[in-house]
Amino acid sequence: MKIFLKICKTIESIYELVPNYEKQDKNLEFILFKIAQNYTGVPSDNINKEYNIEKDLINSFNDILRSEITGINTQNKLDLSLNKDEIYFTKKDNNRVELSTRPNKVGEEVLNIYSLLNKKILLDEEYLQQEVILPGNVYEIKDENTSFRHPEVSDFSKIPIIMEMTPPCDFSNKKSLKPRILSGYIAKYDSKFQAKDYYYKELMPIKLKKDDEIKMIIFDFRIVGMSEEEDLKDKNKYELIFRANDKLFADILQKMSAHIARLGLSIIK
């Protein structure tokens, strides 16, 4: 009931911004557009009839509602006797996976569930537009001659990719002259994979819509650069395959910035 009231309060707070009933329709349209535009920071000039502005609006409302729900008094908790030792997953072979089971011991069935959940939580594969360049867009490299192709990609077992890494503030204020690029690759998931300290290695296990195999997605902070906008819009050079959600993009951007800005010190030993 409390959550329902918060939903009503959120909607009411938007309507209160336009008390003049005669002007309500157009004024609400303007306000909702601005709320949606604020979610990704897409400049108005880049929004056309093909751009899915409704999705950004829904996401913005989710953020507003989440802020409202966070304020609910949680002192009166439900009377639940939660015993973590009694929480487990029973596999098809009737073996149990406990909460404390190590990731490399859960087995293929549970690993598959983990990878699908990670995709739902971290990636957007549904609302993609090749012609709209956004921070967090991830492209499969089709151009054989690009310098962004990762050196680890030597055969068809790995897929070369890039991510658009322009900081949201620069993107929304049109301060970036060209899209900023981070190189990486997609490979078959390996629980024994030893990632280097210059890799972003959190995206594993994960499953992509175009592949039934469990994957891991690696980005290399050593290989960065800039690209032409027209190249990213060209599906024959870079095919848009998914977009990182805000939380994931922020984490990658923060870790990339920390790696690039490290000072280091040369010591005589």
# chains A, B, ... in the order shown; residues from 1 in each chain; ligands from 1

$ select_by_dssp --residues "range 87-160 of chain A" --states "helix (DSSP H, G or I)" --output "PyMOL selection string"
chain A and resi 103-105+108-122

$ write_last_selection --atoms "N, CA and C atoms" --output "mmCIF file, in the first residue's frame"
data_model
loop_
_atom_site.group_PDB
_atom_site.id
_atom_site.type_symbol
_atom_site.label_atom_id
_atom_site.label_comp_id
_atom_site.auth_asym_id
_atom_site.auth_seq_id
_atom_site.Cartn_x
_atom_site.Cartn_y
_atom_site.Cartn_z
ATOM 1 N N PRO A 103 31.446 -19.491 -7.188
ATOM 2 C CA PRO A 103 30.959 -19.392 -8.571
ATOM 3 C C PRO A 103 31.453 -20.506 -9.486
ATOM 4 N N ASN A 104 32.701 -20.953 -9.287
ATOM 5 C CA ASN A 104 33.232 -21.993 -10.171
ATOM 6 C C ASN A 104 32.758 -23.388 -9.793
ATOM 7 N N LYS A 105 31.870 -23.455 -8.777
ATOM 8 C CA LYS A 105 31.366 -24.757 -8.332
ATOM 9 C C LYS A 105 29.855 -24.906 -8.518
ATOM 10 N N GLU A 108 26.765 -25.721 -14.632
ATOM 11 C CA GLU A 108 26.290 -25.070 -15.852
ATOM 12 C C GLU A 108 24.867 -24.528 -15.710
ATOM 13 N N GLU A 109 23.986 -25.276 -15.060
ATOM 14 C CA GLU A 109 22.582 -24.874 -14.950
ATOM 15 C C GLU A 109 22.427 -23.557 -14.205
ATOM 16 N N VAL A 110 23.063 -23.435 -13.050
ATOM 17 C CA VAL A 110 22.969 -22.213 -12.252
ATOM 18 C C VAL A 110 23.770 -21.091 -12.897
ATOM 19 N N LEU A 111 24.908 -21.431 -13.495
ATOM 20 C CA LEU A 111 25.722 -20.433 -14.184
ATOM 21 C C LEU A 111 24.928 -19.791 -15.319
ATOM 22 N N ASN A 112 24.114 -20.584 -15.984
ATOM 23 C CA ASN A 112 23.266 -20.078 -17.053
ATOM 24 C C ASN A 112 22.260 -19.063 -16.519
ATOM 25 N N ILE A 113 21.697 -19.353 -15.346
ATOM 26 C CA ILE A 113 20.758 -18.425 -14.710
ATOM 27 C C ILE A 113 21.468 -17.134 -14.325
ATOM 28 N N TYR A 114 22.656 -17.264 -13.733
ATOM 29 C CA TYR A 114 23.442 -16.074 -13.367
ATOM 30 C C TYR A 114 23.697 -15.194 -14.596
ATOM 31 N N SER A 115 24.068 -15.824 -15.703
ATOM 32 C CA SER A 115 24.424 -15.071 -16.907
ATOM 33 C C SER A 115 23.211 -14.345 -17.490
ATOM 34 N N LEU A 116 22.032 -14.959 -17.420
ATOM 35 C CA LEU A 116 20.810 -14.316 -17.913
ATOM 36 C C LEU A 116 20.398 -13.158 -17.006
ATOM 37 N N LEU A 117 20.555 -13.337 -15.692
ATOM 38 C CA LEU A 117 20.241 -12.263 -14.753
ATOM 39 C C LEU A 117 21.179 -11.080 -14.955
ATOM 40 N N ASN A 118 22.468 -11.357 -15.158
ATOM 41 C CA ASN A 118 23.434 -10.281 -15.387
ATOM 42 C C ASN A 118 23.079 -9.482 -16.635
ATOM 43 N N LYS A 119 22.605 -10.190 -17.669
ATOM 44 C CA LYS A 119 22.208 -9.495 -18.890
ATOM 45 C C LYS A 119 21.028 -8.562 -18.625
ATOM 46 N N LYS A 120 20.023 -9.051 -17.901
ATOM 47 C CA LYS A 120 18.834 -8.246 -17.625
ATOM 48 C C LYS A 120 19.176 -7.029 -16.772
ATOM 49 N N ILE A 121 20.090 -7.207 -15.829
ATOM 50 C CA ILE A 121 20.428 -6.131 -14.900
ATOM 51 C C ILE A 121 21.343 -5.086 -15.530
ATOM 52 N N LEU A 122 22.254 -5.517 -16.400
ATOM 53 C CA LEU A 122 23.345 -4.639 -16.840
ATOM 54 C C LEU A 122 23.283 -4.177 -18.294
#

$ residues_around --residues "Asp234 in chain A" --least-positions-apart "4" --cutoff "9 Å" --atoms "only C-alpha atoms" --output "ChimeraX atom specification"
/A:130-131,229-230,238-239

$ write_last_selection --atoms "C-alpha atoms" --output "mmCIF file, in the first residue's frame"
data_model
loop_
_atom_site.group_PDB
_atom_site.id
_atom_site.type_symbol
_atom_site.label_atom_id
_atom_site.label_comp_id
_atom_site.auth_asym_id
_atom_site.auth_seq_id
_atom_site.Cartn_x
_atom_site.Cartn_y
_atom_site.Cartn_z
ATOM 1 C CA GLN A 130 22.524 2.410 -35.059
ATOM 2 C CA GLU A 131 22.214 6.040 -36.126
ATOM 3 C CA GLU A 229 30.594 9.676 -35.789
ATOM 4 C CA GLU A 230 29.864 8.531 -39.321
ATOM 5 C CA TYR A 238 30.688 -1.114 -36.354
ATOM 6 C CA GLU A 239 27.444 -2.956 -35.604
#

$ residues_around --residues "Ala187 in chain A" --least-positions-apart "3" --cutoff "12 Å" --atoms "only C-alpha atoms" --output "ChimeraX atom specification"
/A:150,152-161,184,190-191,193,201,203-208,211,213-219

$ write_last_selection --atoms "C-alpha atoms" --output "short mmCIF file (atom, residue, chain, number, x, y, z; two decimals), in the first residue's frame"
data_model
loop_
_atom_site.label_atom_id
_atom_site.label_comp_id
_atom_site.auth_asym_id
_atom_site.auth_seq_id
_atom_site.Cartn_x
_atom_site.Cartn_y
_atom_site.Cartn_z
CA HIS A 150 42.03 -5.98 -29.79
CA GLU A 152 43.79 -10.91 -28.35
CA VAL A 153 41.29 -11.41 -31.16
CA SER A 154 43.19 -13.68 -33.50
CA ASP A 155 40.41 -16.07 -34.59
CA PHE A 156 36.63 -16.43 -34.67
CA SER A 157 36.44 -17.64 -31.06
CA LYS A 158 36.56 -14.02 -29.84
CA ILE A 159 34.50 -11.07 -31.00
CA PRO A 160 36.21 -7.65 -31.17
CA ILE A 161 34.12 -4.83 -29.69
CA GLY A 184 37.66 -4.96 -25.84
CA ASP A 190 36.24 -19.26 -18.47
CA SER A 191 36.02 -19.48 -14.66
CA PHE A 193 40.45 -16.66 -16.61
CA LYS A 201 36.62 -7.89 -15.99
CA LEU A 203 31.09 -8.68 -17.05
CA MET A 204 31.14 -12.43 -16.53
CA PRO A 205 29.25 -14.72 -16.72
CA ILE A 206 26.80 -13.14 -19.15
CA LYS A 207 24.66 -14.19 -22.09
CA LEU A 208 23.89 -12.16 -25.17
CA ASP A 211 24.52 -16.29 -28.73
CA GLU A 213 26.88 -19.72 -25.16
CA ILE A 214 27.83 -18.21 -21.78
CA LYS A 215 30.27 -15.37 -22.39
CA MET A 216 32.61 -12.95 -20.68
CA ILE A 217 33.09 -9.37 -21.86
CA ILE A 218 36.51 -7.79 -21.43
CA PHE A 219 37.55 -4.15 -21.94
#

$ residues_around --residues "Ile7 in chain A" --least-positions-apart "4" --cutoff "7 Å" --atoms "only C-alpha atoms" --output "count of residues only"
3

$ select_by_dssp --residues "range 107-223 of chain A" --states "strand (DSSP E or B)" --output "PyMOL selection string"
chain A and resi 123-124+137-141+159-164+180-188+199-206+215-223

$ write_last_selection --atoms "N, CA and C atoms" --output "short mmCIF file (atom, residue, chain, number, x, y, z; two decimals), in the first residue's frame"
data_model
loop_
_atom_site.label_atom_id
_atom_site.label_comp_id
_atom_site.auth_asym_id
_atom_site.auth_seq_id
_atom_site.Cartn_x
_atom_site.Cartn_y
_atom_site.Cartn_z
N LEU A 123 22.56 -4.90 -19.15
CA LEU A 123 22.59 -4.59 -20.58
C LEU A 123 21.21 -4.29 -21.14
N ASP A 124 21.19 -3.51 -22.20
CA ASP A 124 19.97 -3.25 -22.97
C ASP A 124 20.23 -3.72 -24.39
N ASN A 137 27.06 2.72 -25.64
CA ASN A 137 26.82 1.86 -26.80
C ASN A 137 28.02 0.93 -27.01
N VAL A 138 27.72 -0.34 -27.28
CA VAL A 138 28.78 -1.31 -27.55
C VAL A 138 28.59 -1.84 -28.96
N TYR A 139 29.67 -1.80 -29.74
CA TYR A 139 29.63 -2.17 -31.15
C TYR A 139 30.55 -3.36 -31.41
N GLU A 140 30.07 -4.27 -32.26
CA GLU A 140 30.95 -5.32 -32.78
C GLU A 140 31.73 -4.75 -33.95
N ILE A 141 33.04 -4.91 -33.93
CA ILE A 141 33.89 -4.38 -34.99
C ILE A 141 33.78 -5.25 -36.24
N ILE A 159 35.14 -12.12 -30.22
CA ILE A 159 34.50 -11.07 -31.00
C ILE A 159 35.07 -9.71 -30.59
N PRO A 160 35.67 -8.97 -31.52
CA PRO A 160 36.21 -7.65 -31.17
C PRO A 160 35.09 -6.63 -31.00
N ILE A 161 35.16 -5.81 -29.96
CA ILE A 161 34.12 -4.83 -29.69
C ILE A 161 34.75 -3.50 -29.25
N ILE A 162 33.95 -2.45 -29.29
CA ILE A 162 34.32 -1.16 -28.72
C ILE A 162 33.12 -0.61 -27.95
N MET A 163 33.39 0.24 -26.96
CA MET A 163 32.32 0.94 -26.24
C MET A 163 32.51 2.45 -26.38
N GLU A 164 31.40 3.15 -26.59
CA GLU A 164 31.42 4.61 -26.64
C GLU A 164 31.51 5.11 -25.20
N ARG A 180 34.43 9.01 -27.91
CA ARG A 180 35.59 8.39 -27.28
C ARG A 180 35.38 6.88 -27.21
N ILE A 181 36.43 6.15 -27.48
CA ILE A 181 36.32 4.71 -27.71
C ILE A 181 37.19 3.91 -26.74
N LEU A 182 36.64 2.81 -26.26
CA LEU A 182 37.37 1.85 -25.44
C LEU A 182 37.27 0.49 -26.13
N SER A 183 38.42 -0.17 -26.29
CA SER A 183 38.46 -1.44 -27.01
C SER A 183 38.30 -2.63 -26.07
N GLY A 184 37.79 -3.73 -26.61
CA GLY A 184 37.66 -4.96 -25.84
C GLY A 184 37.27 -6.12 -26.71
N TYR A 185 36.81 -7.19 -26.09
CA TYR A 185 36.38 -8.36 -26.85
C TYR A 185 35.43 -9.21 -26.03
N ILE A 186 34.68 -10.06 -26.72
CA ILE A 186 33.77 -11.02 -26.10
C ILE A 186 34.34 -12.41 -26.34
N ALA A 187 34.39 -13.22 -25.31
CA ALA A 187 34.95 -14.57 -25.42
C ALA A 187 34.08 -15.56 -24.64
N LYS A 188 34.32 -16.82 -24.87
CA LYS A 188 33.62 -17.87 -24.11
C LYS A 188 34.02 -17.75 -22.64
N TYR A 199 42.49 -4.62 -17.31
CA TYR A 199 41.24 -5.09 -17.90
C TYR A 199 40.05 -4.71 -17.02
N TYR A 200 38.91 -4.40 -17.66
CA TYR A 200 37.64 -4.37 -16.94
C TYR A 200 37.07 -5.78 -17.09
N LYS A 201 36.88 -6.46 -15.96
CA LYS A 201 36.62 -7.89 -15.99
C LYS A 201 35.37 -8.29 -15.20
N GLU A 202 34.47 -7.33 -14.94
CA GLU A 202 33.30 -7.64 -14.12
C GLU A 202 32.17 -8.30 -14.91
N LEU A 203 32.20 -8.19 -16.24
CA LEU A 203 31.09 -8.68 -17.05
C LEU A 203 31.23 -10.16 -17.37
N MET A 204 31.12 -10.98 -16.36
CA MET A 204 31.14 -12.43 -16.53
C MET A 204 30.54 -13.08 -15.28
N PRO A 205 29.75 -14.15 -15.46
CA PRO A 205 29.25 -14.72 -16.72
C PRO A 205 28.09 -13.88 -17.25
N ILE A 206 27.89 -13.91 -18.55
CA ILE A 206 26.80 -13.14 -19.15
C ILE A 206 26.41 -13.79 -20.47
N LYS A 215 29.13 -16.18 -21.95
CA LYS A 215 30.27 -15.37 -22.39
C LYS A 215 30.89 -14.59 -21.24
N MET A 216 32.03 -13.99 -21.53
CA MET A 216 32.61 -12.95 -20.68
C MET A 216 33.00 -11.80 -21.60
N ILE A 217 32.81 -10.57 -21.08
CA ILE A 217 33.09 -9.37 -21.86
C ILE A 217 34.24 -8.63 -21.20
N ILE A 218 35.29 -8.40 -21.95
CA ILE A 218 36.51 -7.79 -21.43
C ILE A 218 36.75 -6.45 -22.14
N PHE A 219 37.11 -5.42 -21.37
CA PHE A 219 37.55 -4.15 -21.94
C PHE A 219 38.97 -3.87 -21.47
N ASP A 220 39.78 -3.32 -22.37
CA ASP A 220 41.19 -3.09 -22.11
C ASP A 220 41.45 -1.58 -22.02
N PHE A 221 41.80 -1.12 -20.82
CA PHE A 221 41.99 0.31 -20.59
C PHE A 221 43.21 0.88 -21.30
N ARG A 222 44.05 0.02 -21.86
CA ARG A 222 45.22 0.51 -22.60
C ARG A 222 44.87 0.97 -24.01
N ILE A 223 43.76 0.47 -24.54
CA ILE A 223 43.41 0.76 -25.94
C ILE A 223 42.21 1.69 -25.98
#

$ closest_residue --among "A:Thr90, A:Lys6, A:Met226, A:Ile31" --to "Val18 in chain A" --atoms "only C-alpha atoms"
A:Ile31

$ atom_distance --atom1 "CA of Met165 in chain A" --atom2 "CA of Gly136 in chain A"
6.2 Å

$ decode --residues "range 180-261 of chain A" --atoms "C-alpha atoms" --output "short mmCIF file (atom, residue, chain, number, x, y, z; two decimals), in the first residue's frame"
data_model
loop_
_atom_site.label_atom_id
_atom_site.label_comp_id
_atom_site.auth_asym_id
_atom_site.auth_seq_id
_atom_site.Cartn_x
_atom_site.Cartn_y
_atom_site.Cartn_z
CA ARG A 180 35.59 8.39 -27.28
CA ILE A 181 36.32 4.71 -27.71
CA LEU A 182 37.37 1.85 -25.44
CA SER A 183 38.46 -1.44 -27.01
CA GLY A 184 37.66 -4.96 -25.84
CA TYR A 185 36.38 -8.36 -26.85
CA ILE A 186 33.77 -11.02 -26.10
CA ALA A 187 34.95 -14.57 -25.42
CA LYS A 188 33.62 -17.87 -24.11
CA TYR A 189 33.29 -17.78 -20.32
CA ASP A 190 36.24 -19.26 -18.47
CA SER A 191 36.02 -19.48 -14.66
CA LYS A 192 39.83 -19.78 -14.53
CA PHE A 193 40.45 -16.66 -16.61
CA GLN A 194 43.24 -14.55 -15.10
CA ALA A 195 42.48 -10.92 -15.96
CA LYS A 196 45.23 -8.31 -16.10
CA ASP A 197 45.01 -5.23 -13.90
CA TYR A 198 44.34 -3.07 -16.98
CA TYR A 199 41.24 -5.09 -17.90
CA TYR A 200 37.64 -4.37 -16.94
CA LYS A 201 36.62 -7.89 -15.99
CA GLU A 202 33.30 -7.64 -14.12
CA LEU A 203 31.09 -8.68 -17.05
CA MET A 204 31.14 -12.43 -16.53
CA PRO A 205 29.25 -14.72 -16.72
CA ILE A 206 26.80 -13.14 -19.15
CA LYS A 207 24.66 -14.19 -22.09
CA LEU A 208 23.89 -12.16 -25.17
CA LYS A 209 20.76 -12.43 -27.27
CA LYS A 210 22.70 -13.36 -30.38
CA ASP A 211 24.52 -16.29 -28.73
CA ASP A 212 23.39 -19.25 -26.57
CA GLU A 213 26.88 -19.72 -25.16
CA ILE A 214 27.83 -18.21 -21.78
CA LYS A 215 30.27 -15.37 -22.39
CA MET A 216 32.61 -12.95 -20.68
CA ILE A 217 33.09 -9.37 -21.86
CA ILE A 218 36.51 -7.79 -21.43
CA PHE A 219 37.55 -4.15 -21.94
CA ASP A 220 41.19 -3.09 -22.11
CA PHE A 221 41.99 0.31 -20.59
CA ARG A 222 45.22 0.51 -22.60
CA ILE A 223 43.41 0.76 -25.94
CA VAL A 224 41.45 3.99 -26.10
CA GLY A 225 40.95 6.64 -28.75
CA MET A 226 38.47 8.62 -30.79
CA SER A 227 36.32 7.73 -33.77
CA GLU A 228 34.35 9.56 -36.41
CA GLU A 229 30.59 9.68 -35.79
CA GLU A 230 29.86 8.53 -39.32
CA ASP A 231 31.98 5.41 -38.79
CA LEU A 232 29.93 4.40 -35.74
CA LYS A 233 26.73 4.90 -37.72
CA ASP A 234 28.03 2.61 -40.46
CA LYS A 235 26.81 -0.92 -39.68
CA ASN A 236 29.40 -2.34 -42.07
CA LYS A 237 32.17 -0.97 -39.86
CA TYR A 238 30.69 -1.11 -36.35
CA GLU A 239 27.44 -2.96 -35.60
CA LEU A 240 25.58 -1.84 -32.47
CA ILE A 241 24.89 -4.99 -30.40
CA PHE A 242 23.92 -3.70 -26.94
CA ARG A 243 24.11 -0.76 -24.56
CA ALA A 244 25.46 -0.74 -21.02
CA ASN A 245 23.03 0.52 -18.41
CA ASP A 246 23.90 3.63 -16.39
CA LYS A 247 25.29 1.74 -13.39
CA LEU A 248 27.58 -0.41 -15.53
CA PHE A 249 28.71 2.50 -17.70
CA ALA A 250 29.55 4.60 -14.63
CA ASP A 251 31.59 1.74 -13.16
CA ILE A 252 33.58 1.22 -16.36
CA LEU A 253 34.15 4.98 -16.79
CA GLN A 254 35.33 5.34 -13.19
CA LYS A 255 37.74 2.41 -13.39
CA MET A 256 39.05 3.54 -16.80
CA SER A 257 39.63 7.07 -15.45
CA ALA A 258 41.47 5.70 -12.41
CA HIS A 259 43.71 3.57 -14.63
CA ILE A 260 44.52 6.40 -17.03
CA ALA A 261 45.16 8.92 -14.22
#
